[in-house]
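Asks: My questions will all concern the structure given below.
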2 protein chains.
Amino acid sequence: MLNLNPSITLLKLYKEQTKCLVALDSIIFGFDNEALKVLLVKRGIEPNIKTWSLMGGWLQPNEGLDEAANRILKELTGLDNVYLEQVAAYGNPERDPVERTVSITYFALINVSDYGTNISDDLEAKWFGLDELPELLFDHQTIVFDALQRLRYKASHHFIGFELLPEKFTLPQLQKLYEAIYDVEFDKRNFSRKLLATNFLLKTEEKQRGYSKKGAYYYSVDKSKYDSGKATEHSFLITTNAGSATLK
Amino acid sequence: MLNLNPSITLLKLYKEQTKCLVALDSIIFGFDNEALKVLLVKRGIEPNIKTWSLMGGWLQPNEGLDEAANRILKELTGLDNVYLEQVAAYGNPERDPVERTVSITYFALINVSDYGTNISDDLEAKWFGLDELPELLFDHQTIVFDALQRLRYKASHHFIGFELLPEKFTLPQLQKLYEAIYDVEFDKRNFSRKLLATNFLLKTEEKQRGYSKKGAYYYSVDKSKYDSGKATEHSFLITTNAGSATLK
DNA sequence: CCAAAAGTGTTCAACATACACCCATGA
DNA sequence: TCATGGGTGTATGTTGAACACTTTTGG
């Protein structure tokens with residue numbers, strides 16, 4: 001808060017200040033068993049109508065930031081209870097040419113099979129691989145890049161990657177996911193040893209059918225151990241350069 | 001950006017939205033060779049006049065967020081060219097009772113000896129240790145805690161700690177600094193080996209006088225190596241639990 | 001000459017990496 | 001029966017952690 005001579009009246013001080021629109025924009029990450037994708041929508045209003053952009057909306061009078069980000073995500077995708085984490089605020093005066101807007105960004109991790117493609121008819125939405133992004137609205141390209149860095153950092157220190165997978169998943173799926181996030185390849189022996197050592201994974205008796213002949217065991221997340229251990233950092237995957245790789 | 005039926009006129013859509021005040025609040029960290037401190041000011045306006053709070057101010061029409069945070073820091077402390085990094089945005093509807101305000105926070109690393117205590121007469125400012133924080137305005141307690149976590153994370157992966165020290169500093173000073181940041185103790189042999197291995201430190205011929213009898217060699221930061229290497233992560237200090245310690 | 005802080009090497013344990021073969025099964 | 005992907009163990013190198021003595025010098 002600005003600290004000035006107390007004789008200046010409160011209301012004058014507050015009223016003199018510029019007000020801004022506050023937007024919440026989400027970088028929605030998904031994984032289709034092949035690549036890490038971002039869900040984009042074709043903007044329905046001028047200016048820049050039909051430009052691909054992040055999903056977003058404006059902050060309403062009586063909601064907090066996280067609340068608003070969740071609401072907007074639900075309105076646009078129908079999804080609830082999604083992993084959502086604030087990334088950063090962007091506020092260059094020129095970023096939205098119509099009105100001064102500060103955008104607060106979140107990244108969301110969703111399981112693509114939960115996302116029915118046709119939630120809203122008004123809304124043209126599409127998944128894009130990170131190496132095939134179209135031209136994006138305003139500074140959204142930068143925002144996606146920053147969000148990817150944060151995802152990479154976070155996923156290398158905290159066990160959150162599974163949020164991109166279904167309830168039950170196989171180790172090969174999990175490995176492909178991390179390979180997609182970091183754009184590297186791992187040795188499967190080292191990978192499974194490392195992940196199993198976290199104790200967050202519960203092996204089920206069930207095997208995946210249809211993809212490979214042998215079938216891989218399904219695992220699920222041990223939520224109780226996960227909840228008690230998630231405050232702690234685990235450097236379980238990428239130890240060097242996590243978050244600093246470049247976006248093609 | 002909200003994506004709706006294109007027939008809705010642009011201006012109506014933008015004009016309908018709530019606008020907020022945007023504040024920039026900085027957690028100013030300093031180090032006095034003993035403990036990590038935060039610089040707080042006594043608020044000069046109602047409500048909560050005389051409550052200790054973070055240094056902050058409002059976003060002006062034609063400035064970006066980083067620019068505004070730098071301007072405010074300079075206005076309040078006289079300091080320029082300070083390490084400043086965005087932490088997060090806070091926007092609970094009740095956080096400022098006068099007017100809906102979204103606060104975007106930054107942490108600043110300054111060298112306490114650069115900060116003359118009496119920059120502004122209107123402004124009562126004081127350094128507080130993290131374990132002796134007074135009651136703080138609004139949600140500033142949470143903000144300080146979050147900023148400390150970010151500082152701990154950042155300083156454990158990137159060589160930024162020296163921003164809290166003078167141009168020339170000794171290894172024992174640097175070690176005390178990191179011990180203060182993480183509230184742990186290090187072995188001095190391991191510490192110096194690890195820090196010197198970064199190659200960011202240049203030993204000078206000069207020794208510190210007056211503090212110890214033997215005197216410790218001064219080091220400075222090799223800016224050229226630092227600039228070229230700062231994008232890269234170095235996990236050179238705390239490998240477990242960085243950023244997850246609790247604030248007393 | 002002694003107290004106080006500076007400076008320096010080695011050993012051991014833990015972890016990361018590299019690497020290759022057998023297994024299960026659907027076609 | 002064979003092609004495909006699943007599953008597992010070991011050896012080596014690197015890195016982190018623990019640990020103690022000598023040096024310098026102001027008082």
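Every chain in the structure tokens takes a letter, A first, then B, and so on in the order presented; its residues are numbered from 1, and the ligands are numbered from 1 following the presented order.
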Please return, as a ChimeraX atom specification, all residues of segment 17-234 of chain B that DSSP assigns to helix (DSSP H, G or I) on the basis of the backbone.
Replies: /B:65-77,112-114,140-157,161-164,171-182,188-197,223-229
Asks: Given identical sequences, can you show me chain A least-squares superposed on chain B via all its Cα atoms in order, as a CSV table (one decimal) with C-alpha atoms, in the first residue's frame?
Replies:
```csv
chain,number,residue,atom,x,y,z
A,1,MET,CA,-10.2,-13.7,-23.1
A,2,LEU,CA,-13.8,-14.6,-22.8
A,3,ASN,CA,-15.1,-16.3,-25.8
A,4,LEU,CA,-18.7,-15.6,-26.7
A,5,ASN,CA,-21.0,-15.2,-29.6
A,6,PRO,CA,-19.5,-12.6,-31.9
A,7,SER,CA,-22.7,-10.7,-32.2
A,8,ILE,CA,-22.2,-9.3,-28.7
A,9,THR,CA,-20.6,-5.9,-29.3
A,10,LEU,CA,-17.1,-5.5,-28.2
A,11,LEU,CA,-17.4,-2.4,-26.1
A,12,LYS,CA,-20.4,-3.6,-24.2
A,13,LEU,CA,-18.5,-6.8,-23.3
A,14,TYR,CA,-15.5,-4.9,-22.1
A,15,LYS,CA,-17.4,-2.2,-20.4
A,16,GLU,CA,-19.6,-4.6,-18.4
A,17,GLN,CA,-16.6,-6.0,-16.6
A,18,THR,CA,-15.6,-5.1,-13.1
A,19,LYS,CA,-12.4,-3.1,-12.8
A,20,CYS,CA,-10.1,-3.4,-9.9
A,21,LEU,CA,-7.3,-1.4,-8.3
A,22,VAL,CA,-4.0,-3.1,-9.0
A,23,ALA,CA,-1.4,-2.8,-6.2
A,24,LEU,CA,2.3,-3.8,-6.4
A,25,ASP,CA,3.7,-4.9,-3.1
A,26,SER,CA,7.3,-5.8,-2.5
A,27,ILE,CA,8.8,-8.1,0.0
A,28,ILE,CA,12.2,-6.5,0.5
A,29,PHE,CA,14.8,-8.9,1.8
A,30,GLY,CA,18.0,-7.8,3.4
A,31,PHE,CA,20.8,-9.4,5.2
A,32,ASP,CA,22.7,-7.7,8.1
A,33,ASN,CA,25.4,-10.4,8.4
A,34,GLU,CA,23.3,-12.1,11.1
A,35,ALA,CA,19.8,-12.7,9.9
A,36,LEU,CA,17.5,-12.4,6.9
A,37,LYS,CA,15.3,-9.4,7.4
A,38,VAL,CA,12.3,-7.9,5.7
A,39,LEU,CA,11.8,-4.1,5.3
A,40,LEU,CA,8.4,-3.0,6.5
A,41,VAL,CA,6.7,0.4,6.6
A,42,LYS,CA,4.1,1.8,9.0
A,43,ARG,CA,1.0,2.5,6.9
A,44,GLY,CA,0.2,6.2,6.7
A,45,ILE,CA,-3.5,6.0,5.7
A,46,GLU,CA,-6.7,4.7,7.1
A,47,PRO,CA,-7.9,2.0,7.5
A,48,ASN,CA,-5.3,0.3,9.6
A,49,ILE,CA,-3.2,3.4,9.9
A,50,LYS,CA,0.1,2.6,11.7
A,51,THR,CA,-0.1,-1.1,10.9
A,52,TRP,CA,3.1,-2.5,9.6
A,53,SER,CA,2.8,-3.4,5.9
A,54,LEU,CA,4.8,-4.3,2.9
A,55,MET,CA,6.1,-1.5,0.7
A,56,GLY,CA,3.7,-1.0,-2.1
A,57,GLY,CA,1.8,1.3,-4.4
A,58,TRP,CA,-0.7,1.4,-7.2
A,59,LEU,CA,-0.3,0.6,-10.9
A,60,GLN,CA,-0.3,3.7,-13.0
A,61,PRO,CA,-1.9,4.0,-16.4
A,62,ASN,CA,1.1,3.7,-18.7
A,63,GLU,CA,3.5,1.4,-16.9
A,64,GLY,CA,4.0,-2.3,-16.9
A,65,LEU,CA,4.0,-4.4,-13.8
A,66,ASP,CA,7.8,-4.8,-13.4
A,67,GLU,CA,8.2,-1.1,-14.3
A,68,ALA,CA,5.7,-0.1,-11.6
A,69,ALA,CA,7.3,-2.3,-9.0
A,70,ASN,CA,10.7,-0.8,-9.7
A,71,ARG,CA,9.3,2.7,-9.6
A,72,ILE,CA,7.6,2.2,-6.3
A,73,LEU,CA,10.7,0.7,-4.8
A,74,LYS,CA,12.7,3.6,-6.0
A,75,GLU,CA,10.2,6.1,-4.6
A,76,LEU,CA,10.1,4.5,-1.2
A,77,THR,CA,13.7,3.5,-0.7
A,78,GLY,CA,15.7,5.5,-3.2
A,79,LEU,CA,17.1,2.3,-4.6
A,80,ASP,CA,17.5,1.6,-8.3
A,81,ASN,CA,18.7,-1.4,-10.2
A,82,VAL,CA,17.5,-3.8,-7.6
A,83,TYR,CA,16.9,-7.5,-8.1
A,84,LEU,CA,13.2,-7.8,-8.3
A,85,GLU,CA,11.2,-10.9,-9.2
A,86,GLN,CA,7.5,-11.4,-9.4
A,87,VAL,CA,6.0,-13.8,-6.9
A,88,ALA,CA,2.3,-14.1,-7.2
A,89,ALA,CA,-1.0,-12.3,-7.4
A,90,TYR,CA,-3.5,-12.1,-4.5
A,91,GLY,CA,-7.1,-11.1,-5.0
A,92,ASN,CA,-9.5,-12.2,-2.4
A,93,PRO,CA,-12.4,-9.9,-2.6
A,94,GLU,CA,-12.1,-9.0,1.1
A,95,ARG,CA,-8.4,-8.4,1.3
A,96,ASP,CA,-8.6,-4.6,1.1
A,97,PRO,CA,-11.8,-3.4,2.8
A,98,VAL,CA,-12.0,-0.1,1.0
A,99,GLU,CA,-11.8,-1.1,-2.6
A,100,ARG,CA,-11.4,-4.3,-4.5
A,101,THR,CA,-7.7,-4.6,-5.0
A,102,VAL,CA,-5.6,-7.2,-6.7
A,103,SER,CA,-2.0,-7.2,-5.4
A,104,ILE,CA,0.9,-8.4,-7.4
A,105,THR,CA,3.9,-9.1,-5.3
A,106,TYR,CA,7.6,-9.0,-5.9
A,107,PHE,CA,10.5,-9.9,-3.8
A,108,ALA,CA,13.5,-7.6,-3.8
A,109,LEU,CA,17.0,-8.5,-2.7
A,110,ILE,CA,18.9,-5.5,-1.5
A,111,ASN,CA,22.2,-4.9,0.3
A,112,VAL,CA,21.3,-3.3,3.6
A,113,SER,CA,24.3,-1.1,3.5
A,114,ASP,CA,23.0,0.5,0.3
A,115,TYR,CA,19.8,1.4,2.1
A,116,GLY,CA,20.2,4.6,4.1
A,117,THR,CA,17.6,4.4,6.8
A,118,ASN,CA,16.2,7.8,6.4
A,119,ILE,CA,15.2,8.1,2.8
A,120,SER,CA,11.8,9.6,3.5
A,121,ASP,CA,10.8,11.4,6.6
A,122,ASP,CA,7.1,10.6,6.1
A,123,LEU,CA,7.9,7.0,6.1
A,124,GLU,CA,8.7,5.0,9.1
A,125,ALA,CA,10.5,1.9,7.8
A,126,LYS,CA,12.2,-0.8,9.8
A,127,TRP,CA,13.9,-4.1,9.2
A,128,PHE,CA,12.3,-7.1,10.9
A,129,GLY,CA,13.7,-10.6,11.3
A,130,LEU,CA,11.5,-13.3,10.0
A,131,ASP,CA,10.9,-14.7,13.5
A,132,GLU,CA,10.0,-11.3,14.9
A,133,LEU,CA,7.4,-10.0,12.4
A,134,PRO,CA,4.8,-7.7,13.8
A,135,GLU,CA,1.1,-8.0,13.0
A,136,LEU,CA,0.8,-7.2,9.3
A,137,LEU,CA,-1.8,-5.5,7.2
A,138,PHE,CA,-4.4,-7.6,5.3
A,139,ASP,CA,-2.9,-10.8,3.9
A,140,HIS,CA,0.7,-9.5,4.1
A,141,GLN,CA,1.7,-12.3,6.4
A,142,THR,CA,0.8,-14.9,3.9
A,143,ILE,CA,2.5,-12.9,1.2
A,144,VAL,CA,5.8,-12.7,3.1
A,145,PHE,CA,5.6,-16.5,3.7
A,146,ASP,CA,5.0,-17.2,0.1
A,147,ALA,CA,7.8,-14.9,-0.9
A,148,LEU,CA,10.2,-16.6,1.4
A,149,GLN,CA,9.4,-19.9,-0.2
A,150,ARG,CA,10.1,-18.5,-3.6
A,151,LEU,CA,13.3,-17.0,-2.5
A,152,ARG,CA,14.4,-20.3,-1.0
A,153,TYR,CA,13.5,-22.1,-4.2
A,154,LYS,CA,15.2,-19.6,-6.4
A,155,ALA,CA,18.4,-19.3,-4.4
A,156,SER,CA,18.7,-23.1,-4.3
A,157,HIS,CA,18.7,-23.3,-8.1
A,158,HIS,CA,20.1,-20.0,-9.2
A,159,PHE,CA,23.0,-18.1,-8.0
A,160,ILE,CA,21.2,-15.0,-6.7
A,161,GLY,CA,22.1,-14.9,-3.1
A,162,PHE,CA,24.9,-12.5,-3.6
A,163,GLU,CA,22.4,-9.7,-4.5
A,164,LEU,CA,21.9,-9.5,-0.7
A,165,LEU,CA,25.6,-8.8,-0.1
A,166,PRO,CA,27.9,-5.9,-1.0
A,167,GLU,CA,30.0,-6.0,-4.2
A,168,LYS,CA,32.8,-7.7,-2.3
A,169,PHE,CA,32.1,-10.3,0.3
A,170,THR,CA,33.8,-13.2,2.0
A,171,LEU,CA,33.0,-16.9,1.9
A,172,PRO,CA,32.0,-16.9,5.6
A,173,GLN,CA,29.6,-14.0,4.9
A,174,LEU,CA,28.1,-15.9,2.0
A,175,GLN,CA,27.7,-19.0,4.1
A,176,LYS,CA,26.0,-17.1,6.9
A,177,LEU,CA,23.7,-15.6,4.3
A,178,TYR,CA,22.6,-19.0,3.0
A,179,GLU,CA,22.3,-20.3,6.5
A,180,ALA,CA,20.0,-17.4,7.3
A,181,ILE,CA,17.9,-18.0,4.1
A,182,TYR,CA,17.3,-21.6,4.9
A,183,ASP,CA,17.6,-21.6,8.6
A,184,VAL,CA,20.1,-24.4,8.7
A,185,GLU,CA,23.8,-24.8,9.2
A,186,PHE,CA,26.3,-25.9,6.6
A,187,ASP,CA,29.8,-27.4,6.9
A,188,LYS,CA,32.2,-24.7,5.8
A,189,ARG,CA,34.4,-27.1,3.8
A,190,ASN,CA,31.5,-28.5,1.8
A,191,PHE,CA,30.0,-25.1,1.4
A,192,SER,CA,33.1,-23.4,-0.1
A,193,ARG,CA,33.8,-26.4,-2.4
A,194,LYS,CA,30.3,-26.2,-3.7
A,195,LEU,CA,30.1,-22.5,-4.2
A,196,LEU,CA,33.6,-22.3,-5.8
A,197,ALA,CA,32.6,-25.1,-8.2
A,198,THR,CA,30.0,-22.8,-9.7
A,199,ASN,CA,32.8,-20.7,-11.1
A,200,PHE,CA,30.8,-17.6,-10.5
A,201,LEU,CA,33.1,-16.4,-7.7
A,202,LEU,CA,36.3,-14.4,-8.3
A,203,LYS,CA,38.8,-14.4,-5.4
A,204,THR,CA,40.4,-11.0,-4.8
A,205,GLU,CA,43.8,-10.4,-3.1
A,206,GLU,CA,42.1,-8.2,-0.6
A,207,LYS,CA,41.2,-9.4,2.9
A,208,GLN,CA,38.5,-8.4,5.2
A,209,ARG,CA,39.9,-6.5,8.2
A,210,GLY,CA,38.5,-5.8,11.6
A,211,TYR,CA,36.1,-8.7,11.9
A,212,SER,CA,38.4,-11.6,12.5
A,213,LYS,CA,42.1,-11.6,13.3
A,214,LYS,CA,43.2,-13.6,10.3
A,215,GLY,CA,40.9,-11.9,7.9
A,216,ALA,CA,38.9,-13.6,5.1
A,217,TYR,CA,39.5,-13.1,1.4
A,218,TYR,CA,37.0,-11.0,-0.4
A,219,TYR,CA,35.3,-12.5,-3.4
A,220,SER,CA,33.3,-10.8,-6.1
A,221,VAL,CA,30.8,-12.2,-8.7
A,222,ASP,CA,32.1,-13.0,-12.1
A,223,LYS,CA,29.4,-11.2,-14.0
A,224,SER,CA,30.3,-12.5,-17.4
A,225,LYS,CA,30.1,-16.1,-16.3
A,226,TYR,CA,27.1,-15.4,-14.3
A,227,ASP,CA,25.2,-13.8,-17.1
A,228,SER,CA,26.0,-16.6,-19.5
A,229,GLY,CA,25.1,-19.3,-16.9
A,230,LYS,CA,22.2,-17.9,-15.1
A,231,ALA,CA,19.5,-19.4,-17.4
A,232,THR,CA,20.8,-22.8,-16.3
A,233,GLU,CA,19.8,-24.3,-13.0
A,234,HIS,CA,22.4,-25.3,-10.5
A,235,SER,CA,21.2,-27.3,-7.6
A,236,PHE,CA,24.0,-26.1,-5.5
A,237,LEU,CA,22.7,-25.8,-2.0
A,238,ILE,CA,19.6,-27.2,-0.6
A,239,THR,CA,18.5,-30.2,-2.4
A,240,THR,CA,15.6,-31.3,-0.2
A,241,ASN,CA,12.8,-29.3,1.1
A,242,ALA,CA,14.0,-26.0,-0.3
A,243,GLY,CA,11.1,-23.7,0.0
A,244,SER,CA,9.1,-25.8,2.2
A,245,ALA,CA,10.4,-24.9,5.6
A,246,THR,CA,7.9,-23.2,7.9
A,247,LEU,CA,8.0,-19.6,9.0
A,248,LYS,CA,8.2,-19.2,12.7
```
Asks: Which polymer residues have any atom within 8 Å of an atom of segment 10-25 of chain C, counting only C-alpha atoms (C1' of nucleotides), with same-chain residues fewer than 5 positions away left out, as a list in words?
Replies: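 Near segment 10-25 of chain C, the qualifying residues are Lys213 and Lys214 of chain A; DG6, DG7, DT14, DT15 and DG16 of chain D.
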Asks: Could you give me the residues within segment 10-247 of chain A that DSSP places in strand (DSSP E or B), as a PyMOL selection string?
Replies: chain A and resi 19-31+36-42+52-53+55-58+83-90+101-109+125-129+136+169-170+201-207+217-221
Asks: Pull C-alpha atoms from the residues just selected and write them as a PDB file, in the first residue's frame.
Replies:
```pdb
ATOM      1  CA  LYS A  19      -8.494   0.734 -12.317  1.00  0.00           C
ATOM      2  CA  CYS A  20      -7.904  -2.152 -14.657  1.00  0.00           C
ATOM      3  CA  LEU A  21      -9.745  -5.087 -15.979  1.00  0.00           C
ATOM      4  CA  VAL A  22      -8.449  -8.285 -14.502  1.00  0.00           C
ATOM      5  CA  ALA A  23      -8.474 -11.351 -16.729  1.00  0.00           C
ATOM      6  CA  LEU A  24      -7.744 -14.922 -15.765  1.00  0.00           C
ATOM      7  CA  ASP A  25      -6.219 -16.983 -18.526  1.00  0.00           C
ATOM      8  CA  SER A  26      -5.515 -20.673 -18.248  1.00  0.00           C
ATOM      9  CA  ILE A  27      -2.961 -22.747 -20.021  1.00  0.00           C
ATOM     10  CA  ILE A  28      -4.706 -26.088 -20.165  1.00  0.00           C
ATOM     11  CA  PHE A  29      -2.250 -28.919 -20.551  1.00  0.00           C
ATOM     12  CA  GLY A  30      -3.361 -32.327 -21.702  1.00  0.00           C
ATOM     13  CA  PHE A  31      -1.655 -35.529 -22.702  1.00  0.00           C
ATOM     14  CA  LEU A  36       1.884 -32.703 -24.368  1.00  0.00           C
ATOM     15  CA  LYS A  37      -0.870 -30.496 -25.731  1.00  0.00           C
ATOM     16  CA  VAL A  38      -2.440 -27.155 -24.954  1.00  0.00           C
ATOM     17  CA  LEU A  39      -6.142 -26.492 -25.355  1.00  0.00           C
ATOM     18  CA  LEU A  40      -6.804 -23.289 -27.258  1.00  0.00           C
ATOM     19  CA  VAL A  41      -9.988 -21.557 -28.341  1.00  0.00           C
ATOM     20  CA  LYS A  42     -10.785 -19.393 -31.299  1.00  0.00           C
ATOM     21  CA  TRP A  52      -6.424 -18.663 -31.294  1.00  0.00           C
ATOM     22  CA  SER A  53      -6.095 -17.788 -27.653  1.00  0.00           C
ATOM     23  CA  MET A  55      -9.139 -19.886 -22.352  1.00  0.00           C
ATOM     24  CA  GLY A  56      -9.919 -16.984 -20.136  1.00  0.00           C
ATOM     25  CA  GLY A  57     -12.438 -14.616 -18.688  1.00  0.00           C
ATOM     26  CA  TRP A  58     -12.777 -11.640 -16.418  1.00  0.00           C
ATOM     27  CA  TYR A  83      -5.470 -29.167 -10.849  1.00  0.00           C
ATOM     28  CA  LEU A  84      -4.947 -25.449 -11.245  1.00  0.00           C
ATOM     29  CA  GLU A  85      -1.957 -23.430 -10.192  1.00  0.00           C
ATOM     30  CA  GLN A  86      -1.220 -19.757 -10.550  1.00  0.00           C
ATOM     31  CA  VAL A  87       1.727 -18.933 -12.770  1.00  0.00           C
ATOM     32  CA  ALA A  88       2.171 -15.198 -13.095  1.00  0.00           C
ATOM     33  CA  ALA A  89       0.613 -11.824 -13.796  1.00  0.00           C
ATOM     34  CA  TYR A  90       1.092  -9.947 -17.060  1.00  0.00           C
ATOM     35  CA  THR A 101      -6.033  -5.456 -18.716  1.00  0.00           C
ATOM     36  CA  VAL A 102      -3.919  -7.326 -16.244  1.00  0.00           C
ATOM     37  CA  SER A 103      -3.951 -11.042 -16.896  1.00  0.00           C
ATOM     38  CA  ILE A 104      -3.331 -13.530 -14.150  1.00  0.00           C
ATOM     39  CA  THR A 105      -2.457 -16.900 -15.561  1.00  0.00           C
ATOM     40  CA  TYR A 106      -2.957 -20.409 -14.307  1.00  0.00           C
ATOM     41  CA  PHE A 107      -1.898 -23.726 -15.643  1.00  0.00           C
ATOM     42  CA  ALA A 108      -4.384 -26.552 -15.555  1.00  0.00           C
ATOM     43  CA  LEU A 109      -3.637 -30.239 -15.840  1.00  0.00           C
ATOM     44  CA  ALA A 125     -11.581 -25.459 -29.100  1.00  0.00           C
ATOM     45  CA  LYS A 126      -8.652 -27.539 -30.213  1.00  0.00           C
ATOM     46  CA  TRP A 127      -5.637 -29.262 -28.769  1.00  0.00           C
ATOM     47  CA  PHE A 128      -2.276 -28.156 -30.113  1.00  0.00           C
ATOM     48  CA  GLY A 129       1.094 -29.747 -29.628  1.00  0.00           C
ATOM     49  CA  LEU A 136      -1.612 -16.569 -30.602  1.00  0.00           C
ATOM     50  CA  PHE A 169      -2.360 -45.693 -15.769  1.00  0.00           C
ATOM     51  CA  THR A 170       0.620 -47.858 -16.623  1.00  0.00           C
ATOM     52  CA  LEU A 201       2.138 -45.481  -6.719  1.00  0.00           C
ATOM     53  CA  LEU A 202      -0.111 -48.433  -5.996  1.00  0.00           C
ATOM     54  CA  LYS A 203       0.155 -51.393  -8.291  1.00  0.00           C
ATOM     55  CA  THR A 204      -3.161 -52.978  -9.222  1.00  0.00           C
ATOM     56  CA  GLU A 205      -3.758 -56.538 -10.361  1.00  0.00           C
ATOM     57  CA  GLU A 206      -5.306 -55.271 -13.538  1.00  0.00           C
ATOM     58  CA  LYS A 207      -3.466 -55.143 -16.817  1.00  0.00           C
ATOM     59  CA  TYR A 217      -0.028 -53.339 -15.030  1.00  0.00           C
ATOM     60  CA  TYR A 218      -2.209 -50.441 -14.067  1.00  0.00           C
ATOM     61  CA  TYR A 219      -1.142 -48.247 -11.193  1.00  0.00           C
ATOM     62  CA  SER A 220      -3.066 -45.691  -9.236  1.00  0.00           C
ATOM     63  CA  VAL A 221      -1.952 -42.882  -6.949  1.00  0.00           C
TER      64      VAL A 221
END
```
Asks: Give me the residues within 12 Å of DC1 of chain C as number ranges by chain, counting only C-alpha atoms (C1' of nucleotides) and dropping any in the same chain fewer than 6 places off.
Replies: D: 25-27
Asks: Dump C-alpha atoms (C1' of nucleotides) for the selected residues as a JSON list (two decimals), in the first residue's frame?
Replies:
```json
[["chain", "number", "residue", "atom", "x", "y", "z"],
["D", 25, "DT", "C1'", 46.99, -12.46, 13.73],
["D", 26, "DG", "C1'", 45.01, -8.98, 17.08],
["D", 27, "DG", "C1'", 44.95, -8.43, 21.69]]
```
Asks: Mind giving me the straight-line distance from atom C1' of DT24 of chain D to atom C1' of DT8 of chain C in Å, one decimal?
Replies: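 It comes out at 13.8 Å.
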Asks: So how many Å separate atom C1' of DT23 of chain D and atom C1' of DG7 of chain C, to one decimal?
Replies: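 That distance, rounded to one decimal, is 7.5 Å.
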Asks: For chain C, list the residues within 8 Å of chain B, counting only C-alpha atoms (C1' of nucleotides), and write the list as a ChimeraX atom specification.
Replies: /C:4-6,8
Asks: Between atom C1' of DA20 of chain D and atom C1' of DA3 of chain C, what is the distance in Å, rounded to a tenth?
Replies: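 Answer for the atom C1' of DA20 of chain D to atom C1' of DA3 of chain C separation: 18.0 Å.
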Asks: Residues of chain D near chain A: apply a cut-off of 8 Å, count only C-alpha atoms (C1' of nucleotides), and supply the list as a list in words.
Replies: DT4, DG5, DG6 and DT8 of chain D
